[in-house]
Amino acid sequence: MGGAEATSLRFFGMAQAPPYDPQEIEARWQERWLSEGTYEVDNADPRPPYYVLCMYPYPSGPAHMGHVRNYTFGDLIVRYRTMNGYGVLSPIGFDSFGLPAENAALKSGEHPRTFTDARIEELRSSLIRLGAVYDWRRQVRSHDPDYMRWTQWIFLRFLERGLAYRASAPVNWCPGCPTVLANEQVLADGTCERSGDVVEKRDLEQWFFRITEYAQQLLDDLDGLDWPERVVTMQRNWIGRSEGAEFEMRFCDADGSPEAQGRSLRVFTTRPDTSFGMTYAVLAPEHPLVDEVTAPEQREAVAAFVRRARETSEIDRLSSEGSLATRGVFTGAYVLNPFTQAPVPVWLADYVLMGYGTGAIMAVPGEDQRDWDFARAHDLPIIRTVEPPPGWEGEAYTGDGPATNSEWLDGLEVAAAKAKAIAWLEENDLGSRTVNFRLRDWLLSRQRFWGCPIPVVYCESCGMQPVADSDLPVLAPDDVEFLPTGESPLLDHAGFLHTTCPACGGVARRETDTMDTFVDSSWYFLRFCDPWSETAPVSTSGASRWMPVDQYIGGVEHAILHLMYARFFTKALADLGVIEPDLREPFQRLFTQGMIRLGGEKMSKSKGNLVAPEAYLDTVGADSLRLFHLFVGPPDDDVDWDDHGIEGCSRFLQRLWRAGTDQVGTVSDREPTRDDLSVEAATHRLIRRVTDEFDRWSYNTAVAACMEFTNDLYRYLQGDAGGRRDTVDFAVDSLLLVLAPMVPHVTAELWERRHGAENHLHAQRWPEADADRLVEETVTLVVQVRGKVRDRFEVPPDISEADAVALALASDKVQTHLDGEPKRVIARPPRLVNVVP
RNA sequence: GCGGGAGUAGCCGAACUGGUACAGGCGCCCGACUUAAAAUCGGGUACCCCUCGGGGUAUGUGGGUUCGAAUCCCACCUCCCGCACCA
């Protein structure tokens with residue numbers, strides 16, 4: 001057979017073609033990509049830039065399946081874009097500060113640094129074994145002194161600009177951790193997202209970033225981002241913008257005579273149009289005026305209520321929902337409703353939060369359900385100021401409608417009434433239009449050791465002083481003892497604690513709080529652009545070259561915290577002049593991949609249902625593991641881990657290997673036959689299809705297309721005529737090229753065997769389908785009668801409408817369903833004719 | 001409660017702008033190869049009826065629009081995710 005001869009020339013005989021050995025192949029190619037620096041890219045690279053970034057991982061040891069999924073998608077894009085001619089920036093680093101290392105230190109006494117470094121090495125080697133390629137020269141780790149220096153430098157610039165400040169605040173204290181948490185780290189039920197302990201409120205001096213200064217921008221700039229809708233929605237809700245008015249109400253006695261001191265209460269409302277319906281006012285229990293204005297006879301009841309509100313955890317406050325009678329107390333004070341000049345009683349209630357608006361509200365039970373419930377529980381009057389629709393049987397009415405019981409607002413619809421009420425407040429100098437945000441400032445200080453120290457000192461005479469830039473980084477000492485005291489070991493370390501004041505040289509004490517690890521992850525993507533910069537966190541030119549990240553990939557669990565903080569940092573650094581002023585957003589495109597489940601449950605360490613990737617790397621290999629993650633379902637869907645599925649992927653790669661080493665059927669040289677040409681057309685269609693699927697992130701169907709193509713190729717090769725040499729080469733080479741980003745090792749190996757060692761698959765250009773050769777010889781024309789399929793014909797793709805209709809009407813099967821002449825015929829040649837009798 | 005998303009075979013899923021419902025994989029069945037098994041290769045695989053030509057029913061449920069609906073519209077059910085006293 002001619003085919004056997006041709007084969008023997010290239011592969012030293014079919015019998016000698018080696019079996020597929022993933023471990024051997026993968027180790028060798030991984031070594032080569034590293035040693036040749038295949039995916040290193042310089043800032044002066046002449047190719048058009050493209051920045052692909054996976055969220056840098058917390059190093060918890062060897063990679064888990066979530067990492068594998070994440071980094072498989074990232075690596076695919078890096079390789080695909082590279083084959084498309086881009087100079088792709090693909091950096092990686094480690095989010096290496098954090099609680100687990102410190103907890104491990106408490107248990108074993110091992111220093112968090114040595115612990116962390118060991119975990120990083122484990123994770124790093126898993127990433128390499130997965131075949132993920134990076135420019136390792138650019139690696140950053142949060143705990144590197146060089147990185148810390150710039151984290152602290154940024155903090156000091158924020159401090160100078162007033163974007164970082166210190167304030168005493170009731171903060172979320174987790175007794176389990178034990179540290180302060182950001183609002184975002186407290187779950188809805190009032191427990192700590194990490195330890196699950198019930199979070200307490202404590203008053204402490206803490207550091208904050210003034211993220212609220214950027215609230216409006218953070219909201220507005222969401223519009224220009226190519227992000228999943230749900231992430232945008234989550235951010236929008238988190239920022240929680242609401243428009244309304246603030247105004248003052250003077251304290252008075254029960255008859256409405258203004259009090260002598262002239263004190264007043266400021267309230268925020270989104271419904272100034274309902275002001276005529278105010279029947280009481282409410283202060284948050286923590287409101288500063290509570291003590292002052294409480295009447296003597298109510299003092300005891302109020303004090304008891306305030307005490308309980310402070311002591312009651314969030315969780316209990318929620319569980320007491322419904323029993324509103326116990327959730328409020330009358331202060332004995334009154335304020336004047338400026339709209340009516342009528343006095344209304346001032347109550348305390350825990351459903352009013354000090355942290356939002358002014359911590360005080362006007363209560364309008366007619367148009368607010370909570371106020372309605374409270375009024376009912378405490379026997380307070382209810383006045384409707386918006387006419388509910390006829391037949392309204394609900395309680396508070398929050399919809400649109402004409403104002404009523406509202407004097408000069410009567411008859412106006414809600415929007416118009418709001419505008420008029422606000423105008424009136426402003427004219428009379430009683431209040432003004434206001435915008436409120438739900439977003440709070442970012443509490444960043446943590447009472448932990450294993451984090452980036454906050455670079456300030458407290459001088460006995462000068463007060464708080466920033467550490468000089470030239471003294472950065474402030475590093476935690478190594479010789480510390482980890483004791484389960486619940487306090488940072490820094491508090492007991494004299495050498496760290498005692499220092500001199502940078503301003504006066506006098507005695508000073510160092511800040512012992514460290515920064516939330518979200519600070520580290522808020523700018524690492526910038527450092528990657530120029531990790532060599534010695535004068536700034538990133539050079540302006542480096543950032544300009546690569547930023548914004550073209551494709552950011554990570555888990556949806558970071559939809560709010562990390563992504564909001566990173567956006568804030570980018571805007572602030574742009575305003576500080578560190579990066580270009582018009583670089584307002586860090587991540588142009590975001591993709592959030594689904595999580596891996598096992599038996600319907602989220603795979604996680606705490607559930608103890610982790611499936612370790614290592615076992616698969618040791619058996620079926622990295623390529624099979626990658627292929628499984630791509631194939632198992634849409635990338636943004638959660639997926640179930642399935643051992644059988646990965647076997648299917650492994651089987652496919654075995655088939656690919658046999659086809660790629662000419663172990664399937666027979667191959668010969670000949671003039672192309674119809675079948676040969678049809679395989680070539682199918683090859684062009686494969687290229688087109690995979691390209692399309694890649695561009696729309698439909699990797700599972702891209703894999704399916706390759707499998708389908710391979711199945712067809714097998715049938716062709718094993719057919720009586722065998723395969724034609726050039727046709728088979730084109731088919732196999734094309735298949736290897738389109739599979740290269742997905743299964744980089746086995747394809748590179750096969751390519752080298754077919755084309756020689758100097759011919760690197762991953763240096764090839766992405767193939768292009770020839771538009772003229774995509775067409776199939778025949779297509780199936782479906783003939784329907786009233787929308788039901790009755791017959792099929794194989795027709796040329798360029799069949800005319802008239803021919804298609806004639807063919808359809810000539811069909812016996814169609815005629816039996818027709819009663820005489822058809823009423824109507826809809827033709828969509830060459831695929832469909834629908835006959836309507 | 002508010003916001004977002006999803007319900008297609010035994011399972012995971014395809015079907016991109018309304019046009020052959022179910023590509024691909026898993027599982028299962030049959031066959032080839034084998035002394036045998038594994039591996040491999042080929043074929044089959046929604047349900048019901050059937051005179052074996054076919055016919056009917058199927059995309060969570062019920063309506064609607066259309067020549068034609070998984071796809072568009074209305075109502076409802078179920079599940080997942082986020083927020084949740086935000087005035």
# chains A, B, ... in the order shown; residues from 1 in each chain; ligands from 1

$ residues_around --residues "segment 21-33 of chain B" --least-positions-apart "3" --cutoff "6 Å" --atoms "only C-alpha atoms (C1' of nucleotides)" --output "list in words"
Gly645 and Ala704 of chain A; A14 of chain B

$ residues_around --residues "Asn337 of chain A" --least-positions-apart "5" --cutoff "10 Å" --atoms "only C-alpha atoms (C1' of nucleotides)" --output "tab-separated table (two decimals) with C-alpha atoms, in the first residue's frame"
chain	number	residue	atom	x	y	z
A	248	GLU	CA	-34.19	70.48	59.33
A	249	MET	CA	-36.97	70.19	61.89
A	250	ARG	CA	-36.91	72.34	65.01
A	251	PHE	CA	-37.46	70.76	68.39
A	256	GLY	CA	-45.76	73.04	68.99
A	275	SER	CA	-43.97	65.28	54.06
A	276	PHE	CA	-47.52	66.36	54.88
A	277	GLY	CA	-48.16	62.80	55.99
A	278	MET	CA	-45.41	62.72	58.60
A	279	THR	CA	-46.92	61.64	61.89
A	280	TYR	CA	-43.72	61.04	63.86
A	281	ALA	CA	-39.96	61.16	63.49
A	342	ALA	CA	-47.56	70.68	63.45
A	343	PRO	CA	-45.58	69.00	66.24
A	344	VAL	CA	-44.78	65.29	65.82
A	362	MET	CA	-39.48	61.51	59.08

$ select_by_dssp --residues "segment 52-151 of chain A" --states "alpha helix (DSSP H)" --output "MDAnalysis selection string"
chainID A and resid 65:83 99:108 112:130 145:151

$ interface_residues --of "chain B" --to "chain A" --cutoff "10 Å" --atoms "only C-alpha atoms (C1' of nucleotides)" --output "list in words"
G3, G4, G5, A6, C12, G13, A14, C16, G19, U20, A23, G24, G25, C26, G27, U40, C41, G42, C67, G68, C80, C81, G82, C83, A84, C85, C86 and A87 of chain B

$ atom_distance --atom1 "atom CA of Phe97 of chain A" --atom2 "atom CA of Gly451 of chain A"
5.3 Å
